[in-house]
Each structure stands twice: as C-alpha cells, then as structure tokens.
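Below: target-v2.txt (compact mmCIF, C-alpha atoms)
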# COMPACT_ATOMS: atom_id res chain seq x y z
CA MET A 23 4.64 -3.65 -1.08
CA ILE A 24 3.58 -1.74 -4.13
CA THR A 25 3.72 2.01 -4.48
CA ARG A 26 0.65 4.22 -4.34
CA GLN A 27 0.84 4.76 -8.11
CA ALA A 28 0.74 1.01 -8.73
CA ALA A 29 -2.21 0.63 -6.39
CA LYS A 30 -4.06 3.37 -8.22
CA ARG A 31 -3.42 1.77 -11.58
CA ARG A 32 -4.66 -1.56 -10.27
CA ARG A 33 -7.84 0.01 -8.87
CA ASN A 34 -8.54 1.71 -12.17
CA SER A 35 -8.19 -1.61 -13.94
CA GLY A 36 -11.07 -2.98 -11.86
CA ASP A 37 -9.03 -5.44 -9.78
CA SER A 38 -9.47 -5.66 -6.03
CA VAL A 39 -7.23 -3.37 -4.02
CA LEU A 40 -7.28 -5.76 -1.09
CA ALA A 41 -5.66 -8.45 -3.20
CA LEU A 42 -2.64 -6.22 -3.66
CA PHE A 43 -1.79 -6.19 0.01
CA GLU A 44 -1.97 -9.83 0.99
CA PRO A 45 -0.52 -11.14 3.17
CA ASP A 46 -0.19 -8.74 6.07
CA PRO A 47 2.93 -6.57 5.46
CA GLU A 48 4.19 -7.53 8.90
CA ASP A 49 4.71 -11.06 7.59
CA LYS A 50 6.70 -9.99 4.56
CA PRO A 51 10.51 -10.14 4.47
CA ALA A 52 12.44 -6.92 4.07
CA ARG A 53 12.31 -5.57 0.54
CA ASN A 54 15.20 -6.31 -1.78
CA LEU A 55 16.78 -3.73 -4.03
CA SER A 56 16.58 -4.36 -7.76
CA ASN A 57 19.23 -3.19 -10.19
CA SER A 58 17.26 -0.06 -11.01
CA ARG A 59 16.75 0.65 -7.29
CA CYS A 60 20.49 0.38 -6.64
CA THR A 61 21.21 2.77 -9.47
CA ASN A 62 18.63 5.14 -8.00
CA LEU A 63 20.35 4.94 -4.61
CA ILE A 64 23.69 5.89 -6.07
CA HIS A 65 22.62 8.71 -8.35
CA ASP A 66 19.34 10.01 -6.92
CA LYS A 67 18.16 11.70 -3.75
CA LYS A 68 14.53 10.85 -4.41
CA LEU A 69 13.04 7.97 -2.46
CA ASP A 70 9.94 6.08 -3.53
CA SER A 71 7.96 4.17 -0.92
CA ASN A 72 9.79 0.88 -1.53
CA LEU A 73 13.23 2.41 -1.12
CA PHE A 74 12.13 4.42 1.88
CA GLN A 75 10.70 1.39 3.69
CA THR A 76 13.76 -0.72 2.90
CA LEU A 77 16.09 1.89 4.33
CA LEU A 78 13.86 2.51 7.35
CA GLU A 79 13.72 -1.18 8.27
CA ASP A 80 17.47 -1.51 7.87
CA LEU A 81 18.15 1.65 9.86
CA TRP A 82 15.79 0.60 12.65
CA SER A 83 17.41 -2.81 13.02
CA LYS A 84 20.79 -1.21 13.57
CA ILE A 85 19.76 1.34 16.19
CA PRO A 86 20.77 0.04 19.64
CA VAL A 87 18.02 -1.87 21.41
CA GLU A 88 18.09 0.45 24.39
CA LYS A 89 17.32 3.39 22.09
CA ARG A 90 14.28 1.76 20.47
CA TRP A 91 12.98 -0.13 23.49
CA HIS A 92 10.01 2.18 24.03
CA CYS A 93 9.57 3.17 20.37
CA THR A 94 7.80 1.76 17.36
CA TYR A 95 7.07 2.84 13.79
CA LEU A 96 4.41 2.31 11.16
CA ASP A 97 4.94 1.28 7.56
CA CYS A 98 5.50 4.31 5.36
CA LEU A 99 2.37 3.65 3.24
CA TRP A 100 -0.13 3.00 6.00
CA PHE A 101 -1.19 6.61 6.50
CA SER A 102 -1.77 7.05 2.77
CA LEU A 103 -3.58 3.72 2.47
CA TYR A 104 -5.75 4.60 5.46
CA LYS A 105 -7.26 7.43 3.41
CA ASP A 106 -8.47 4.85 0.87
CA ASP A 107 -11.97 3.76 1.95
CA LEU A 108 -11.32 0.23 0.69
CA MET A 109 -8.14 -0.10 2.77
CA ARG A 110 -9.03 1.75 5.96
CA GLU A 111 -10.24 -1.18 8.06
CA LYS A 112 -7.33 -3.35 7.01
CA VAL A 113 -4.78 -0.65 7.84
CA LEU A 114 -6.34 -0.14 11.27
CA ASN A 115 -6.04 -3.88 11.91
CA TRP A 116 -2.37 -3.77 10.93
CA ILE A 117 -1.80 -0.87 13.31
CA LYS A 118 -3.47 -2.76 16.14
CA LYS A 119 -0.72 -5.38 15.88
CA LYS A 120 1.92 -2.69 16.40
CA GLN A 121 0.62 -1.99 19.93
CA ILE A 122 1.35 1.72 19.70
CA PHE A 123 -0.35 2.33 23.04
CA THR A 124 2.51 0.56 24.78
CA ALA A 125 5.14 2.77 23.12
CA LYS A 126 6.48 6.05 24.39
CA TYR A 127 7.13 7.31 20.86
CA THR A 128 5.55 6.14 17.60
CA PHE A 129 7.07 7.28 14.31
CA ILE A 130 4.62 7.61 11.40
CA PRO A 131 6.18 8.50 8.02
CA ILE A 132 3.68 10.37 5.87
CA VAL A 133 3.85 10.73 2.11
CA CYS A 134 1.23 13.08 0.66
CA TRP A 135 1.27 15.22 -2.48
CA GLY A 136 4.67 13.76 -3.40
CA HIS A 137 6.29 14.91 -0.16
CA TRP A 138 7.56 13.09 2.94
CA SER A 139 7.07 14.31 6.50
CA LEU A 140 7.19 12.66 9.92
CA LEU A 141 4.51 12.46 12.59
CA ILE A 142 5.67 11.44 16.08
CA LEU A 143 3.10 10.39 18.66
CA CYS A 144 4.46 11.20 22.10
CA HIS A 145 3.16 9.60 25.32
CA PHE A 146 0.13 7.92 23.74
CA ARG A 147 0.54 5.11 26.23
CA ASP A 148 -2.42 3.58 27.97
CA PRO A 149 -3.27 5.86 30.94
CA GLN A 150 -3.36 2.77 33.16
CA GLN A 151 0.36 2.33 32.67
CA MET A 152 2.83 3.65 35.18
CA ARG A 153 3.32 7.44 35.26
CA PRO A 154 1.12 8.37 32.31
CA ARG A 155 1.82 11.71 30.61
CA ILE A 156 -0.37 14.00 28.57
CA PRO A 157 -0.11 12.93 24.91
CA PHE A 158 0.91 15.30 22.15
CA MET A 159 2.11 15.08 18.56
CA LEU A 160 5.14 16.43 16.71
CA LEU A 161 5.01 16.99 12.96
CA LEU A 162 8.52 17.32 11.51
CA ASP A 163 8.65 18.70 7.98
CA SER A 164 11.70 19.74 5.98
CA LEU A 165 9.66 21.97 3.66
CA HIS A 166 7.42 24.27 5.65
CA GLN A 167 6.46 26.15 2.50
CA THR A 168 4.22 23.16 1.65
CA GLU A 169 2.03 24.19 4.61
CA PRO A 170 2.21 20.98 6.67
CA ARG A 171 -0.75 22.15 8.80
CA ARG A 172 -3.01 21.08 5.94
CA LEU A 173 -2.40 17.51 7.14
CA GLU A 174 -3.93 18.20 10.53
CA ARG A 175 -7.51 17.22 9.69
CA ASP A 176 -6.43 13.87 8.25
CA ILE A 177 -4.05 13.27 11.16
CA ARG A 178 -6.74 13.83 13.79
CA ARG A 179 -9.23 11.64 11.94
CA PHE A 180 -6.56 8.96 11.67
CA ILE A 181 -5.78 9.12 15.41
CA LEU A 182 -9.47 8.99 16.33
CA ASP A 183 -10.01 5.89 14.18
CA VAL A 184 -6.93 4.23 15.69
CA TYR A 185 -8.34 4.82 19.17
CA ARG A 186 -11.77 3.49 18.20
CA SER A 187 -10.37 0.43 16.45
CA GLN A 188 -8.60 -0.47 19.67
CA GLU A 189 -11.65 0.22 21.83
CA LYS A 190 -10.11 3.17 23.62
CA GLU A 191 -12.48 5.59 25.30
CA GLU A 192 -11.76 8.66 23.23
CA ASN A 193 -14.08 10.96 21.29
CA SER A 194 -13.53 13.57 18.61
CA ASP A 195 -13.51 16.40 21.16
CA SER A 196 -10.64 14.85 23.13
CA ILE A 197 -8.65 14.12 19.97
CA VAL A 198 -8.99 17.75 18.88
CA LYS A 199 -7.44 18.79 22.17
CA ILE A 200 -4.27 16.75 21.66
CA PRO A 201 -1.62 19.34 20.73
CA LEU A 202 -0.04 19.07 17.29
CA LEU A 203 3.29 20.90 17.39
CA LEU A 204 5.29 21.94 14.34
CA PRO A 205 8.92 22.48 15.39
CA LYS A 206 11.25 24.57 13.27
CA VAL A 207 13.64 21.96 11.95
CA PRO A 208 16.32 22.21 9.23
CA GLN A 209 14.81 22.85 5.81
CA GLN A 210 15.77 21.23 2.54
CA THR A 211 17.11 23.37 -0.26
CA ASP A 212 15.96 21.21 -3.17
CA GLY A 213 12.82 19.37 -4.21
CA GLU A 214 14.07 15.81 -3.72
CA ALA A 215 15.59 15.32 -0.27
CA CYS A 216 12.46 15.10 1.92
CA GLY A 217 12.67 11.32 2.34
CA ILE A 218 16.23 11.27 3.61
CA TYR A 219 15.34 14.15 5.96
CA VAL A 220 12.60 12.01 7.51
CA LEU A 221 14.97 9.08 7.99
CA TYR A 222 17.50 11.40 9.62
CA PHE A 223 14.79 12.92 11.83
CA ILE A 224 14.01 9.43 13.13
CA TYR A 225 17.65 8.50 13.64
CA LEU A 226 18.61 11.69 15.45
CA PHE A 227 15.44 11.87 17.54
CA MET A 228 16.00 8.38 18.90
CA HIS A 229 19.62 9.12 19.73
CA SER A 230 19.00 12.57 21.22
CA VAL A 231 15.63 12.52 22.97
CA PRO A 232 15.70 12.68 26.78
CA SER A 233 14.38 9.73 28.72
CA SER A 234 11.25 11.76 29.40
CA PHE A 235 9.86 15.16 28.50
CA THR A 236 6.53 16.93 28.30
CA GLN A 237 4.88 19.21 25.77
CA GLN A 238 6.04 22.25 27.74
CA GLY A 239 9.61 20.97 27.83
CA TRP A 240 9.84 19.30 24.46
CA PRO A 241 13.41 18.72 23.30
CA CYS A 242 15.40 21.88 22.76
CA PHE A 243 17.35 20.12 20.00
CA LEU A 244 14.32 20.40 17.70
CA ASN A 245 15.33 23.65 16.04
CA GLU A 246 16.67 25.00 12.77
CA ASP A 247 20.25 24.25 13.84
CA TRP A 248 19.60 20.59 14.70
CA PHE A 249 22.01 19.43 12.00
CA THR A 250 23.90 20.75 8.99
CA VAL A 251 23.55 19.91 5.31
CA GLU A 252 27.00 18.30 5.45
CA GLU A 253 25.94 16.02 8.30
CA LEU A 254 22.78 15.05 6.43
CA GLU A 255 24.80 14.20 3.32
CA SER A 256 27.21 12.13 5.40
CA PHE A 257 24.25 10.20 6.81
CA ARG A 258 22.79 9.67 3.33
CA LYS A 259 26.04 8.24 2.01
CA GLU A 260 26.48 6.01 5.02
CA ILE A 261 22.97 4.59 5.12
CA TYR A 262 23.18 3.84 1.39
CA GLY A 263 26.68 2.49 1.89
CA SER A 264 25.37 -0.03 4.40
CA TRP A 265 24.05 -1.93 1.37
CA ASN A 266 26.60 -3.77 -0.74
CA LEU A 267 25.46 -1.94 -3.83
CA ASP A 268 28.05 -3.41 -6.19
CA ALA A 269 27.08 -6.94 -5.17
CA ALA A 270 23.37 -6.14 -5.22
CA MET A 271 23.62 -4.82 -8.76
CA VAL A 272 25.10 -8.16 -9.80
CA ASN A 273 22.90 -10.23 -7.48
CA PRO A 274 19.61 -8.37 -6.91
CA GLY A 275 18.67 -10.73 -4.07
CA GLU A 276 21.71 -9.77 -2.03
CA GLN A 277 20.85 -8.80 1.53
CA PRO A 278 22.40 -5.81 3.32
CA PRO A 279 25.24 -6.37 5.78
CA SER A 280 24.32 -7.06 9.38
CA THR A 281 26.10 -4.09 10.88
CA LEU A 282 25.96 -0.39 10.22
CA TYR A 283 28.21 2.16 11.84
CA PHE A 284 27.50 5.87 12.00
CA HIS A 285 30.26 8.30 12.81
CA SER A 286 28.51 9.67 15.89
CA SER A 287 25.68 8.54 18.10
CA THR A 288 24.56 12.11 18.59
CA SER A 289 26.01 13.68 15.46
CA ARG A 290 23.80 15.32 13.10
CA THR A 291 21.43 12.10 9.48
CA THR A 292 12.83 10.66 -0.47
CA SER A 293 8.93 8.42 -3.79
CA THR A 294 8.55 11.33 -4.50
CA ASN A 295 9.86 14.76 -4.94
CA GLY A 296 10.60 16.57 -1.73

Rewrite the coordinates I just gave you, this time as structure tokens.
Amino acid sequence: MITRQAAKRRRNSGDSVLALFEPDPEDKPARNLSNSRCTNLIHDKKLDSNLFQTLLEDLWSKIPVEKRWHCTYLDCLWFSLYKDDLMREKVLNWIKKKQIFTAKYTFIPIVCWGHWSLLILCHFRDPQQMRPRIPFMLLLDSLHQTEPRRLERDIRRFILDVYRSQEKEENSDSIVKIPLLLPKVPQQTDGEACGIYVLYFIYLFMHSVPSSFTQQGWPCFLNEDWFTVEELESFRKEIYGSWNLDAAMVNPGEQPPSTLYFHSSTSRTTSTNG
C-alpha cells in the first residue's frame, strides 16, 4: 500500500486514486522491508504507514490466539483514506469484510496531521448477540498537547457511515451519545515515537484487558503509569529485532521469522513525526 503522500501526488497528477488501491488490501501479502526501510528501523523512531502496517501485522500474528479471539483491527490508512471522498465507499466496503460487529474490541490506528493515535471500539457487537453491552470508544494518544479531541467529529462521522454501510439501525443522534473516552496514558517525550506508542498500546491492551468491562469500570491499567520509557524501548528493540534485519538488507524479500518472544506477557511495549 502506498503512503498518503504518494496518493496525494498521484491525485495531483490526474491519475485515478482508485487505481492505486487495487486489489483489495486484504488480498495483499504482508509488506516487505526494503533496504532503506531496514535502515530506518535500525536508526529511526519514526514510522511511516508502510512500516507501521508491516510491524502491526507481524505483531498481531504473534499474539496468542486466545488473546485476539474477540478482537480485530483495521489497516492503518483506512481512517485517513475514508476522509477522501473518492475512497470513502471503497474503504467502507473493506471494513465490512472485517466484521467489526462480531468483535469485542476493534483497534483503529489513526494517522492525522503527521501523528499516530489509537481508537478502540469497545462492545460494538450486534445487540442480538449474547449479553450485549453498551458500546463506547477509547482514544489513546501519547501526545495530548496535540488536542486529540479535534478528531471527535471525524470519528463520529466515520462510525455513523460504518453503521449505515452495514445496514445497522443507527442514526446520528445515537452515534453522538456513544461515549468517547480519553484516558491519561504515558506521554512521549519527543516528536517521533507516536507510532511505536500505538503499537505498544495495542500489545499491552490485548494482554492486560479483563475478559469483560464496562464504561464505568474501564480498565484501571489505562493511566499515566501504564508502562515506563524503558519498557517501551525494550519493546521497540524486540519488535524490530523480530525481523532478520541483516538478512533483509542483503535480501530485501526476506520474510520475518515465524516466532516472536516478548520478555513478559503483561510487562510494559511512528510516518510521521509523533
């Protein structure tokens, strides 16, 4: 998948945007790391959309099945592409295939204004399913000074269109009533680490979240002391280390190893500038 900048350049050249995103991303193999990408991994904390998605797919595949059984995630560019009028319908069709209304938690990476954040849809399951709960949303952001609430209007419009595209009986008034919570989570101290924070948010949330919780009792671990900078750096090195970078720099088509071990299942884990 191309980056947003490449898509913009292609649009400005007069070519069709839709042609850039064929076939459906769900049918594409995991992205490979080029030599320049590998060098970026080693020396940089910044993550562009290609690197982010590569690492997310690899991370997800190595999380135990029982931890991701009731979870799903969206491609890291879908939210941004949704805001493009030419791409909106196509993105909504891609999302339909993800069946997010059968998942207990849906992770939606968001990259806007050169910054990564994470939207988590909680209990958006079909109300006809067993023991339905009131849905709510969590917006995790490692740089609160960017005023993440400015995303709220786009988020609610996005959610409403997702409901409508899947013929759910929801209207704008009901979507407005879905709580959007902004927990105080650890904050980055530089302008580049937002992407790795989002990956660590996903990893830790899936390993730490209780089997069930409500808006009123949302996880107490979502606080400023959730993890330390040292634990985040350890995660960054390990998730990058899961790729055979030396081999990939010689053979760009090299695939990552099939196993990835983190030091702790509950221990504390960019693009863009953060």

- Message: Just want the 12 Å neighbourhood of segment 176-184 of chain A, counted on all atoms listed in the file, with same-chain residues fewer than 3 positions away dropped. Output as a PyMOL selection string.
- Response: chain A and resi 100-106+110-123+128+130-132+134+140-143+146+157-161+170-173+187-202

* Asked: Taking all atoms listed in the file into account, which of A:Tyr185, A:Cys242, A:Thr168, A:Leu96 comes nearest Trp135 of chain A?
  ->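 Closest to Trp135 of chain A, using all atoms listed in the file: A:Thr168.
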
Smallest atom-to-atom distance to Leu77 of chain A: which of A:His166, A:Asp97, A:His229, A:Trp248, using all atoms listed in the file?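 So, comparing all the options, the nearest one is A:Asp97.
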
* Asked: Residues at most 8 Å from Ser164 of chain A, counting only C-alpha atoms, excluding those fewer than 3 positions away in the same chain, as a ChimeraX atom specification?
  -> /A:139,207-210,216,219-220

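Using all atoms listed in the file for every distance, the candidate list A:Lys206, A:Arg186, A:Arg258, A:Lys89 yields A:Arg258 as the residue closest to Phe74 of chain A.
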
*asked:* Let me make sure I understand: among A:Cys93, A:Val133, A:Leu162, A:Leu108, which one has the smallest atom-to-atom distance to His145 of chain A if we use only C-alpha atoms?
replied: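 Going through A:Cys93, A:Val133, A:Leu162, A:Leu108 one by one, the smallest distance to His145 of chain A is for A:Cys93.
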
Students should find that atom CA of Ile224 of chain A and atom CA of Ile156 of chain A are spaced 21.6 Å

note - atom CA of Pro86 of chain A and atom CA of Glu260 of chain A are separated by 16.8 Å
